[in-house]
file entry_9.tsv (TSV, C-alpha atoms)
chain	number	residue	atom	x	y	z
A	7	MET	CA	-26.54	71.13	101.07
A	8	LEU	CA	-27.34	68.40	98.57
A	9	LYS	CA	-28.55	69.06	95.05
A	10	VAL	CA	-30.60	66.48	93.16
A	11	ASP	CA	-30.91	66.77	89.37
A	12	LEU	CA	-33.74	64.87	87.71
A	13	GLN	CA	-32.21	63.61	84.47
A	14	GLY	CA	-34.84	61.19	83.22
A	15	GLY	CA	-37.99	59.33	84.22
A	16	PHE	CA	-39.90	62.25	85.77
A	17	GLY	CA	-43.33	62.90	84.28
A	18	GLU	CA	-42.45	60.06	81.91
A	19	LYS	CA	-41.55	56.37	81.83
A	20	GLY	CA	-38.00	55.56	80.73
A	21	ARG	CA	-34.43	56.98	80.61
A	22	THR	CA	-34.39	56.85	84.42
A	23	SER	CA	-31.54	58.85	85.96
A	24	ILE	CA	-30.71	61.29	88.74
A	25	ALA	CA	-27.52	63.02	89.86
A	26	VAL	CA	-26.68	64.01	93.44
A	27	SER	CA	-24.02	66.56	94.39
A	28	ASP	CA	-22.74	68.19	97.57
A	29	GLY	CA	-21.05	70.95	95.55
A	30	LYS	CA	-17.71	69.13	95.42
A	31	THR	CA	-18.58	65.56	94.48
A	32	ARG	CA	-21.15	64.45	91.93
A	33	VAL	CA	-22.58	60.93	91.52
A	34	MET	CA	-25.01	59.78	88.86
A	35	LEU	CA	-27.53	57.04	89.60
A	36	ASP	CA	-28.70	55.05	86.56
A	37	ALA	CA	-28.42	55.81	82.85
A	38	GLY	CA	-31.47	54.46	81.08
A	39	ILE	CA	-33.11	54.87	77.68
A	40	LYS	CA	-36.72	55.62	76.80
A	41	VAL	CA	-38.28	53.01	74.55
A	42	GLY	CA	-40.29	54.64	71.76
A	43	ALA	CA	-38.42	57.96	71.91
A	44	THR	CA	-35.93	59.21	69.35
A	45	GLY	CA	-32.96	61.56	69.32
A	46	ASN	CA	-31.98	63.22	72.57
A	47	GLU	CA	-35.22	62.14	74.29
A	48	TYR	CA	-34.02	58.54	74.07
A	49	TYR	CA	-31.23	59.31	76.57
A	50	PRO	CA	-30.97	60.98	80.00
A	51	LYS	CA	-30.87	64.77	79.98
A	52	LEU	CA	-27.62	65.38	81.82
A	53	ALA	CA	-27.49	68.46	84.03
A	54	ARG	CA	-23.70	68.71	83.78
A	55	PRO	CA	-21.05	67.31	81.38
A	56	VAL	CA	-20.00	63.69	81.99
A	57	THR	CA	-16.50	64.93	82.87
A	58	GLU	CA	-17.96	66.41	86.07
A	59	ILE	CA	-19.37	63.04	87.24
A	60	ASP	CA	-17.16	61.39	89.87
A	61	ALA	CA	-18.94	58.02	89.88
A	62	LEU	CA	-21.81	56.31	88.05
A	63	PHE	CA	-24.00	53.73	89.80
A	64	ILE	CA	-26.35	51.31	88.01
A	65	SER	CA	-29.26	49.80	89.94
A	66	HIS	CA	-30.01	46.88	87.58
A	67	ALA	CA	-29.77	45.79	83.96
A	68	HIS	CA	-33.20	46.74	82.58
A	69	GLU	CA	-33.00	49.04	79.58
A	70	ASP	CA	-34.63	52.04	81.26
A	71	HIS	CA	-31.82	52.04	83.85
A	72	ILE	CA	-28.71	50.93	81.91
A	73	GLY	CA	-29.42	51.33	78.19
A	74	ALA	CA	-27.53	54.64	77.84
A	75	LEU	CA	-24.24	53.31	79.20
A	76	CYS	CA	-22.51	53.20	75.81
A	77	ARG	CA	-23.69	56.77	75.19
A	78	MET	CA	-22.04	57.83	78.47
A	79	ILE	CA	-18.73	56.30	77.34
A	80	ARG	CA	-19.04	57.97	73.94
A	81	GLN	CA	-19.56	61.34	75.62
A	82	GLY	CA	-16.30	60.90	77.49
A	83	TYR	CA	-17.16	59.39	80.83
A	84	THR	CA	-14.01	57.70	82.19
A	85	GLY	CA	-14.86	57.30	85.87
A	86	PRO	CA	-15.89	54.20	87.82
A	87	ILE	CA	-19.14	52.39	87.00
A	88	TYR	CA	-20.56	50.63	90.05
A	89	MET	CA	-22.94	47.66	89.70
A	90	THR	CA	-23.57	44.22	91.16
A	91	ALA	CA	-22.12	41.08	89.60
A	92	GLU	CA	-25.58	40.03	88.40
A	93	THR	CA	-26.11	43.37	86.66
A	94	ARG	CA	-22.68	43.04	85.07
A	95	THR	CA	-23.63	39.59	83.73
A	96	GLU	CA	-26.92	40.82	82.24
A	97	MET	CA	-25.56	44.11	80.89
A	98	PRO	CA	-24.29	42.87	77.47
A	99	ALA	CA	-27.66	41.41	76.46
A	100	THR	CA	-29.52	44.60	77.37
A	101	LEU	CA	-27.03	46.86	75.59
A	102	ALA	CA	-27.13	44.61	72.52
A	103	GLN	CA	-30.87	45.20	72.25
A	104	TYR	CA	-31.13	48.90	73.17
A	105	ALA	CA	-27.81	50.72	72.62
A	106	ASP	CA	-27.11	52.54	69.39
A	107	PRO	CA	-25.40	49.92	67.15
A	108	THR	CA	-22.42	52.15	66.41
A	109	GLU	CA	-21.97	53.04	70.06
A	110	LEU	CA	-22.34	49.38	71.01
A	111	ARG	CA	-19.51	48.52	68.63
A	112	ASP	CA	-17.15	51.35	69.48
A	113	PHE	CA	-17.96	52.37	73.07
A	114	GLN	CA	-18.45	49.25	75.16
A	115	PRO	CA	-18.06	49.99	78.89
A	116	PRO	CA	-14.41	49.15	79.62
A	117	GLU	CA	-13.83	46.41	82.18
A	118	ALA	CA	-11.29	48.66	83.90
A	119	GLN	CA	-14.07	51.13	84.77
A	120	ILE	CA	-16.48	48.59	86.26
A	121	ARG	CA	-16.51	48.21	90.05
A	122	LEU	CA	-18.58	45.43	91.61
A	123	PHE	CA	-20.41	45.63	94.91
A	124	GLU	CA	-22.96	43.47	96.72
A	125	PRO	CA	-26.41	44.64	97.84
A	126	GLY	CA	-26.06	45.98	101.37
A	127	GLU	CA	-22.61	47.48	100.85
A	128	THR	CA	-21.85	51.19	101.24
A	129	VAL	CA	-19.50	52.85	98.75
A	130	SER	CA	-17.69	56.09	99.56
A	131	VAL	CA	-17.06	58.66	96.84
A	132	ASN	CA	-15.09	61.45	98.51
A	133	ALA	CA	-17.45	62.88	101.17
A	134	LEU	CA	-20.57	61.15	99.82
A	135	GLY	CA	-21.64	57.78	101.18
A	136	ILE	CA	-23.74	55.65	98.84
A	137	GLU	CA	-25.61	52.94	100.73
A	138	THR	CA	-27.24	50.10	98.80
A	139	GLY	CA	-29.92	47.52	99.49
A	140	ALA	CA	-31.67	44.68	97.66
A	141	SER	CA	-34.59	46.03	95.64
A	142	GLY	CA	-36.94	43.02	95.40
A	143	HIS	CA	-37.23	43.76	91.65
A	144	VAL	CA	-34.59	41.53	90.05
A	145	VAL	CA	-31.61	39.44	91.11
A	146	GLY	CA	-28.78	41.86	91.89
A	147	GLY	CA	-31.07	44.89	91.73
A	148	VAL	CA	-30.55	47.61	94.35
A	149	TRP	CA	-31.83	50.91	95.71
A	150	PHE	CA	-29.42	53.73	96.58
A	151	SER	CA	-29.17	56.11	99.54
A	152	VAL	CA	-26.80	59.05	99.14
A	153	GLU	CA	-25.69	60.80	102.33
A	154	GLY	CA	-23.61	63.97	102.52
A	155	ALA	CA	-23.58	67.45	104.03
A	156	GLY	CA	-25.70	66.11	106.88
A	157	ARG	CA	-28.57	65.17	104.54
A	158	ARG	CA	-29.79	61.97	102.90
A	159	VAL	CA	-31.52	61.30	99.57
A	160	VAL	CA	-32.98	57.86	98.85
A	161	TYR	CA	-33.48	56.87	95.21
A	162	THR	CA	-35.35	53.59	95.06
A	163	ALA	CA	-34.81	52.77	91.38
A	164	ASP	CA	-37.29	49.90	90.76
A	165	ILE	CA	-38.45	48.10	93.90
A	166	VAL	CA	-40.96	45.44	94.95
A	167	PRO	CA	-41.54	45.37	98.71
A	168	GLU	CA	-43.74	42.25	98.68
A	169	SER	CA	-42.32	40.19	95.80
A	170	ALA	CA	-43.17	36.50	95.90
A	171	VAL	CA	-39.66	35.76	94.61
A	172	PHE	CA	-37.09	38.43	95.51
A	173	PRO	CA	-36.31	39.87	98.98
A	174	MET	CA	-36.10	43.63	99.50
A	175	ASP	CA	-34.08	45.43	102.16
A	176	PRO	CA	-35.89	48.20	104.11
A	177	LEU	CA	-35.23	51.78	103.06
A	178	PRO	CA	-33.56	54.16	105.54
A	179	SER	CA	-35.20	57.36	106.74
A	180	CYS	CA	-34.27	60.34	104.59
A	181	ASP	CA	-34.77	64.03	103.79
A	182	LEU	CA	-35.96	63.37	100.23
A	183	LEU	CA	-37.40	60.16	98.80
A	184	VAL	CA	-37.26	59.58	95.03
A	185	LEU	CA	-39.78	56.78	94.80
A	186	ASP	CA	-40.77	54.20	92.18
A	187	ALA	CA	-44.26	55.47	91.30
A	188	SER	CA	-44.69	53.33	88.18
A	189	TYR	CA	-48.19	52.20	89.16
A	190	GLY	CA	-49.50	55.50	90.49
A	191	ALA	CA	-52.39	54.75	92.86
A	192	ASP	CA	-52.99	51.14	91.76
A	193	PRO	CA	-54.12	49.37	94.98
A	194	ILE	CA	-54.38	45.77	93.75
A	195	PRO	CA	-51.91	43.48	95.62
A	196	GLY	CA	-49.38	41.50	93.64
A	197	ALA	CA	-50.75	38.22	94.96
A	198	GLU	CA	-54.18	38.98	93.49
A	199	ARG	CA	-52.70	39.87	90.10
A	200	ALA	CA	-50.63	36.68	90.18
A	201	ARG	CA	-53.80	34.65	90.76
A	202	ARG	CA	-55.48	36.32	87.78
A	203	ILE	CA	-52.50	35.57	85.57
A	204	ALA	CA	-52.37	31.96	86.75
A	205	LYS	CA	-56.05	31.52	85.86
A	206	TRP	CA	-55.63	33.12	82.43
A	207	VAL	CA	-52.65	30.88	81.64
A	208	ALA	CA	-54.50	27.78	82.87
A	209	ASP	CA	-57.38	28.67	80.52
A	210	TYR	CA	-54.91	28.65	77.60
A	211	ALA	CA	-52.72	25.79	78.81
A	212	ASP	CA	-52.75	24.27	75.31
A	213	GLY	CA	-50.85	27.24	73.89
A	214	CYS	CA	-50.26	30.93	74.65
A	215	LEU	CA	-47.44	33.47	74.50
A	216	LEU	CA	-46.07	35.29	77.55
A	217	PRO	CA	-43.53	38.00	76.60
A	218	THR	CA	-41.42	38.95	79.63
A	219	PRO	CA	-38.11	40.62	80.52
A	220	LEU	CA	-35.27	38.16	80.88
A	221	SER	CA	-34.74	39.11	84.50
A	222	GLY	CA	-37.25	39.87	87.23
A	223	ARG	CA	-40.74	39.26	85.89
A	224	SER	CA	-39.80	35.94	84.27
A	225	LEU	CA	-39.32	34.31	87.67
A	226	GLU	CA	-42.44	36.02	89.02
A	227	LEU	CA	-44.41	34.43	86.17
A	228	ILE	CA	-42.83	31.01	86.67
A	229	ALA	CA	-43.73	31.22	90.36
A	230	ALA	CA	-47.33	32.13	89.50
A	231	ILE	CA	-48.23	29.59	86.81
A	232	ASP	CA	-48.68	25.93	87.65
A	233	VAL	CA	-49.02	24.21	84.27
A	234	PRO	CA	-46.33	22.78	81.96
A	235	PHE	CA	-44.68	25.52	79.90
A	236	ALA	CA	-41.86	26.23	77.45
A	237	ILE	CA	-39.18	28.92	77.40
A	238	GLU	CA	-37.07	30.43	74.66
A	239	ALA	CA	-33.96	28.26	74.90
A	240	GLY	CA	-31.57	31.18	75.38
A	241	MET	CA	-33.30	32.12	78.61
A	242	ARG	CA	-32.53	28.88	80.47
A	243	GLU	CA	-29.00	29.57	81.67
A	244	ALA	CA	-29.78	33.14	82.73
A	245	LEU	CA	-32.88	32.06	84.67
A	246	SER	CA	-30.96	29.25	86.38
A	247	VAL	CA	-28.23	31.69	87.45
A	248	GLN	CA	-30.87	34.04	88.86
A	249	ILE	CA	-32.59	31.28	90.84
A	250	HIS	CA	-29.38	30.04	92.40
A	251	ALA	CA	-27.62	33.35	93.08
A	252	PRO	CA	-26.87	33.32	96.83
A	253	GLY	CA	-29.57	35.10	98.80
A	254	ALA	CA	-31.19	36.58	95.69
A	255	VAL	CA	-34.43	34.56	95.84
A	256	HIS	CA	-36.60	33.78	98.86
A	257	ALA	CA	-35.23	30.49	100.22
A	258	GLN	CA	-38.60	28.74	100.12
A	259	ARG	CA	-38.95	29.55	96.40
A	260	VAL	CA	-35.62	28.23	95.15
A	261	GLY	CA	-36.66	24.58	94.99
A	262	VAL	CA	-40.01	25.27	93.29
A	263	LEU	CA	-38.51	27.59	90.69
A	264	SER	CA	-35.63	25.24	89.99
A	265	LYS	CA	-37.98	22.30	89.50
A	266	ARG	CA	-40.31	24.21	87.19
A	267	LEU	CA	-37.43	25.53	85.09
A	268	ALA	CA	-35.92	22.07	84.74
A	269	ALA	CA	-39.27	20.72	83.48
A	270	ALA	CA	-39.76	23.53	80.94
A	271	ARG	CA	-39.44	22.72	77.25
A	272	ASP	CA	-36.92	24.57	75.09
A	273	TRP	CA	-38.20	26.60	72.13
A	274	SER	CA	-36.44	28.68	69.47
A	275	VAL	CA	-37.72	31.26	67.01
A	276	ASP	CA	-37.41	28.75	64.13
A	277	ASP	CA	-39.81	26.32	65.84
A	278	ALA	CA	-43.59	26.24	65.54
A	279	LEU	CA	-45.42	27.80	68.46
A	280	PRO	CA	-45.82	25.08	71.11
A	281	GLY	CA	-48.97	23.52	72.51
A	282	CYS	CA	-48.31	24.99	75.94
A	283	PRO	CA	-47.62	28.42	77.47
A	284	LEU	CA	-44.38	29.94	76.12
A	285	LEU	CA	-42.19	32.52	77.87
A	286	VAL	CA	-40.06	34.71	75.57
A	287	HIS	CA	-38.09	37.92	76.15
A	288	ASP	CA	-38.46	40.94	76.01
A	289	GLY	CA	-41.74	42.01	77.59
A	290	MET	CA	-42.75	44.62	74.99
A	291	GLY	CA	-42.03	42.83	71.72
A	292	VAL	CA	-39.53	45.56	70.86
A	293	ALA	CA	-36.43	43.35	70.79
A	294	GLY	CA	-35.20	39.83	71.43
A	295	PRO	CA	-37.11	36.64	70.54
A	296	SER	CA	-40.46	38.11	71.58
A	297	ARG	CA	-40.51	40.36	68.51
A	298	ALA	CA	-40.61	37.38	66.14
A	299	ALA	CA	-42.79	35.33	68.48
A	300	LEU	CA	-45.44	38.08	68.70
A	301	ALA	CA	-45.55	38.38	64.90
A	302	ALA	CA	-45.99	34.60	64.57
A	303	ALA	CA	-48.66	34.54	67.28
A	304	GLU	CA	-50.61	37.31	65.56
A	305	LEU	CA	-50.60	35.44	62.26
A	306	ALA	CA	-51.65	32.18	63.90
A	307	GLY	CA	-54.28	33.64	66.22
A	308	TYR	CA	-52.23	32.27	69.12
A	309	PRO	CA	-53.34	33.77	72.48
A	310	VAL	CA	-51.01	36.43	73.91
A	311	LEU	CA	-50.81	37.80	77.45
A	312	LEU	CA	-48.78	40.94	78.13
A	313	SER	CA	-48.05	41.66	81.79
A	314	GLY	CA	-45.96	44.82	82.10
A	315	HIS	CA	-45.33	48.33	80.79
A	316	LEU	CA	-46.08	48.76	77.08
A	317	PRO	CA	-44.71	51.95	75.50
A	318	LYS	CA	-47.06	53.56	73.00
A	319	GLY	CA	-46.43	52.15	69.53
A	320	SER	CA	-44.57	49.06	70.73
A	321	PRO	CA	-45.62	45.72	69.16
A	322	GLY	CA	-47.20	44.62	72.44
A	323	ALA	CA	-49.15	47.87	72.82
A	324	ARG	CA	-50.45	47.66	69.26
A	325	LEU	CA	-51.78	44.14	69.86
A	326	VAL	CA	-53.50	45.14	73.10
A	327	ASP	CA	-54.99	48.25	71.49
A	328	ARG	CA	-56.50	46.11	68.70
A	329	GLY	CA	-57.85	43.55	71.15
A	330	ALA	CA	-55.48	40.94	69.74
A	331	ALA	CA	-53.75	40.38	73.08
A	332	ALA	CA	-54.76	40.40	76.75
A	333	TRP	CA	-53.04	42.46	79.44
A	334	ILE	CA	-52.87	41.71	83.16
A	335	ARG	CA	-50.24	43.54	85.18
A	336	MET	CA	-47.79	41.33	87.05
A	337	PRO	CA	-46.66	43.75	89.78
A	338	THR	CA	-42.92	44.31	89.61
A	339	HIS	CA	-43.17	47.79	91.16
A	340	PRO	CA	-44.86	49.05	94.34
A	341	THR	CA	-48.64	49.22	94.61
A	342	LEU	CA	-50.37	52.04	96.51
A	343	PRO	CA	-50.37	50.36	99.96
A	344	GLU	CA	-46.69	49.47	99.54
A	345	ASN	CA	-45.70	53.02	98.60
A	346	LEU	CA	-47.65	54.43	101.54
A	347	ALA	CA	-45.80	52.09	103.88
A	348	LEU	CA	-42.42	52.94	102.30
A	349	TRP	CA	-43.02	56.67	102.65
A	350	GLU	CA	-44.10	56.37	106.28
A	351	ALA	CA	-41.13	54.13	107.17
A	352	ALA	CA	-38.79	56.70	105.60
A	353	GLY	CA	-40.13	59.36	108.01
A	354	CYS	CA	-42.80	60.92	105.73
A	355	PRO	CA	-40.27	63.08	103.83
A	356	PRO	CA	-40.97	65.19	100.73
A	357	LEU	CA	-41.45	62.81	97.84
A	358	ILE	CA	-40.67	62.76	94.10
A	359	GLY	CA	-42.14	59.98	91.97
A	360	HIS	CA	-40.27	58.52	89.01
A	361	SER	CA	-41.27	56.31	86.08
A	362	CYS	CA	-44.83	57.53	85.60
A	363	ASP	CA	-46.76	60.26	83.82
A	364	ALA	CA	-48.53	63.30	85.25
A	365	VAL	CA	-51.90	61.58	85.48
A	366	ALA	CA	-50.49	58.77	87.62
A	367	LEU	CA	-48.66	61.28	89.83
A	368	ASP	CA	-51.83	63.27	90.41
A	369	ALA	CA	-53.67	60.10	91.39
A	370	LEU	CA	-50.91	59.13	93.83
A	371	ARG	CA	-50.88	62.59	95.44
A	372	GLU	CA	-54.47	62.09	96.59
A	373	HIS	CA	-53.02	59.53	99.00
A	374	ILE	CA	-49.56	61.04	99.73
A	375	SER	CA	-49.76	64.80	100.20
A	376	ALA	CA	-45.96	65.20	100.31
A	377	LEU	CA	-45.63	64.14	96.66
A	378	GLN	CA	-44.12	66.84	94.44
A	379	THR	CA	-46.37	66.28	91.42
A	380	GLY	CA	-44.72	68.99	89.33
A	381	ALA	CA	-41.31	67.29	89.25
A	382	ARG	CA	-40.18	66.76	85.66
A	383	THR	CA	-37.06	65.66	83.83
A	384	GLY	CA	-34.84	68.72	83.70
A	385	ASP	CA	-35.71	69.96	87.20
A	386	SER	CA	-33.43	70.25	90.23
A	387	TYR	CA	-34.09	70.16	93.97
A	388	GLN	CA	-31.86	71.53	96.72
A	389	ILE	CA	-31.85	70.27	100.30
A	390	ASP	CA	-30.43	72.82	102.71
A	391	LYS	CA	-29.87	72.55	106.46
A	392	GLU	CA	-33.50	73.38	107.20
A	393	THR	CA	-34.66	70.71	104.73
A	394	VAL	CA	-36.23	73.34	102.47
A	395	TYR	CA	-36.61	72.37	98.84
A	396	ALA	CA	-35.84	74.91	96.14
A	397	HIS	CA	-37.04	74.06	92.64
A	398	SER	CA	-35.12	75.09	89.51
A	399	ASP	CA	-34.62	74.02	85.92
A	400	PHE	CA	-31.40	73.17	84.10
A	401	GLN	CA	-32.88	73.23	80.60
call {"tool": "encode", "arguments": {"input": "entry_9.tsv", "output": "structure tokens"}}
result
Amino acid sequence: MLKVDLQGGFGEKGRTSIAVSDGKTRVMLDAGIKVGATGNEYYPKLARPVTEIDALFISHAHEDHIGALCRMIRQGYTGPIYMTAETRTEMPATLAQYADPTELRDFQPPEAQIRLFEPGETVSVNALGIETGASGHVVGGVWFSVEGAGRRVVYTADIVPESAVFPMDPLPSCDLLVLDASYGADPIPGAERARRIAKWVADYADGCLLPTPLSGRSLELIAAIDVPFAIEAGMREALSVQIHAPGAVHAQRVGVLSKRLAAARDWSVDDALPGCPLLVHDGMGVAGPSRAALAAAELAGYPVLLSGHLPKGSPGARLVDRGAAAWIRMPTHPTLPENLALWEAAGCPPLIGHSCDAVALDALREHISALQTGARTGDSYQIDKETVYAHSDFQ
């Protein structure tokens, strides 16, 4: 029997985390934070004490998947922390923006605990086998498949099956699929959204602001727009590393992305807003250079395009709500047709959706009847030998 504890990101967006146990070994997958939340709701709701976790795996370095890592160390986690080299490189910048300042100072993840793996590798933790695969979401991002007791759970983390930039490995068949349902039943293909963004940017080619995460969506945007642009200077090295990481970007895109990045102007927060499109991080205006850039753009009436998730109350959300900024989603998660195909390829198993609210889950269930729409942070699912799912609560 396998037990799956939903520790964050279920019926909500943020603090994404699950734990999987065969009764003897327990692994935790992701340890994110929830932007806009406070207190305990900012962090994963752990089903068991950290001392009972045998291994912690991180899918990628976005805050909703890694931001609680210092909290885990503070609570006494001393076991191995598995991640890719790219996630390890990006981890300090994410923690600097989203970890509690005191925890960031006193409870940095020790190097001795970090174990590196490459997408496609399988890691054994006692009797559990944790298979990994490229996610298509960011460089070094992965999905996880946990196999034990004759059963398999696949946790996708964040995935993009049809990314224009990043390749994704196919998911294996499984008994339970914990799927990236960020977009609910949104059917619009990524290529169509990219065309809309490209047109919007071309209409404001003489100056506009494009807040974006440092990894993932930044390269998707650079691939989509075809006019001269600027970037916050601190992004250049990280973007170059992402483009040239072996096998991390579709081969036919490497040259184009490299050329466009080389031609981009450098900008810093002390400079005037440029007369061309400007990419700054992060994507919500909560932290990083985009916070100051959004404030300057608002004062100057400088056009702003947001293109991803905007937590309620975030600077980006406030601008959109007031009509002071535009919003066009750049798909960095699966759309409805992609999720249907993923579910069918996995053998049409029972399904739990993460990273979306109840309304989005209900909309998705109209298309995928196996979706467990009642799954919430704090719930547990058991997979026995007949593949029967028992629902409980560890609150």
call {"tool": "atom_distance", "arguments": {"input": "entry_9.tsv", "atom1": "CA of Asp390 in chain A", "atom2": "CA of Lys51 in chain A"}}
result
24.1 Å
call {"tool": "closest_atom_pairs", "arguments": {"input": "entry_9.tsv", "of": "range 197-288 of chain A", "to": "range 125-144 of chain A", "cutoff": "8 Å", "atoms": "all atoms listed in the file", "output": "Markdown table"}}
result
| residue | atom | partner | partner_atom | distance |
| --- | --- | --- | --- | --- |
| A:Ser221 | CA | A:Val144 | CA | 6.1 |
| A:Gly222 | CA | A:Val144 | CA | 4.2 |
| A:Arg223 | CA | A:Val144 | CA | 7.8 |
call {"tool": "residues_around", "arguments": {"input": "entry_9.tsv", "residues": "Leu101 in chain A", "least_positions_apart": "3", "cutoff": "12 Å", "atoms": "all atoms listed in the file", "output": "ChimeraX atom specification"}}
result
/A:37-39,67-77,93-98,104-111,113-115,293-294
call {"tool": "atom_distance", "arguments": {"input": "entry_9.tsv", "atom1": "CA of Pro193 in chain A", "atom2": "CA of Cys362 in chain A"}}
result
15.5 Å
call {"tool": "residues_around", "arguments": {"input": "entry_9.tsv", "residues": "Ala331 in chain A", "least_positions_apart": "4", "cutoff": "6 Å", "atoms": "only C-alpha atoms", "output": "MDAnalysis selection string"}}
result
chainID A and resid 310:311 325:326
call {"tool": "closest_atom_pairs", "arguments": {"input": "entry_9.tsv", "of": "range 23-94 of chain A", "to": "range 233-253 of chain A", "cutoff": "12 Å", "atoms": "all atoms listed in the file", "output": "JSON lines"}}
result
{"residue": "A:Thr90", "atom": "CA", "partner": "A:Ala251", "partner_atom": "CA", "distance": 11.8}
{"residue": "A:Ala91", "atom": "CA", "partner": "A:Ala251", "partner_atom": "CA", "distance": 10.1}
{"residue": "A:Glu92", "atom": "CA", "partner": "A:Gln248", "partner_atom": "CA", "distance": 8.0}
{"residue": "A:Thr93", "atom": "CA", "partner": "A:Gln248", "partner_atom": "CA", "distance": 10.7}
call {"tool": "atom_distance", "arguments": {"input": "entry_9.tsv", "atom1": "CA of His373 in chain A", "atom2": "CA of Cys180 in chain A"}}
result
19.6 Å
call {"tool": "closest_residue", "arguments": {"input": "entry_9.tsv", "among": "A:Cys354, A:Leu348, A:Leu370, A:Ile120", "to": "Leu177 in chain A", "atoms": "all atoms listed in the file"}}
result
A:Leu348
call {"tool": "closest_residue", "arguments": {"input": "entry_9.tsv", "among": "A:Leu346, A:Ala270, A:Ala332, A:Ile24", "to": "Cys282 in chain A", "atoms": "only C-alpha atoms"}}
result
A:Ala270
call {"tool": "residues_around", "arguments": {"input": "entry_9.tsv", "residues": "Ile87 in chain A", "least_positions_apart": "4", "cutoff": "7 Å", "atoms": "all atoms listed in the file", "output": "NGL selection string"}}
result
:A and (61-63 or 119-121)
call {"tool": "residues_around", "arguments": {"input": "entry_9.tsv", "residues": "Ile165 in chain A", "least_positions_apart": "2", "cutoff": "8 Å", "atoms": "only C-alpha atoms", "output": "PyMOL selection string"}}
result
chain A and resi 141-143+148-149+162-163+167+174+186+338-340
call {"tool": "closest_residue", "arguments": {"input": "entry_9.tsv", "among": "A:Asp11, A:Lys265, A:Glu124, A:His315", "to": "Val292 in chain A", "atoms": "all atoms listed in the file"}}
result
A:His315
call {"tool": "closest_residue", "arguments": {"input": "entry_9.tsv", "among": "A:Pro176, A:Pro321, A:Pro116, A:Gly17", "to": "Ala298 in chain A", "atoms": "only C-alpha atoms"}}
result
A:Pro321
call {"tool": "residues_around", "arguments": {"input": "entry_9.tsv", "residues": "Ser375 in chain A", "least_positions_apart": "2", "cutoff": "12 Å", "atoms": "all atoms listed in the file", "output": "PyMOL selection string"}}
result
chain A and resi 346+349-350+354-358+367-373+377-379
call {"tool": "residues_near_point", "arguments": {"input": "entry_9.tsv", "point": "(-38.1, 55.6, 74.7)", "cutoff": "9 Å", "atoms": "all atoms listed in the file", "output": "number ranges by chain"}}
result
A: 19-21, 39-44, 47-49, 70, 317
call {"tool": "closest_residue", "arguments": {"input": "entry_9.tsv", "among": "A:Phe172, A:Ser27, A:Ser224, A:Leu12", "to": "Leu52 in chain A", "atoms": "only C-alpha atoms"}}
result
A:Leu12
call {"tool": "closest_residue", "arguments": {"input": "entry_9.tsv", "among": "A:Met34, A:Glu226, A:Gln13, A:Trp333", "to": "Asn46 in chain A", "atoms": "all atoms listed in the file"}}
result
A:Gln13
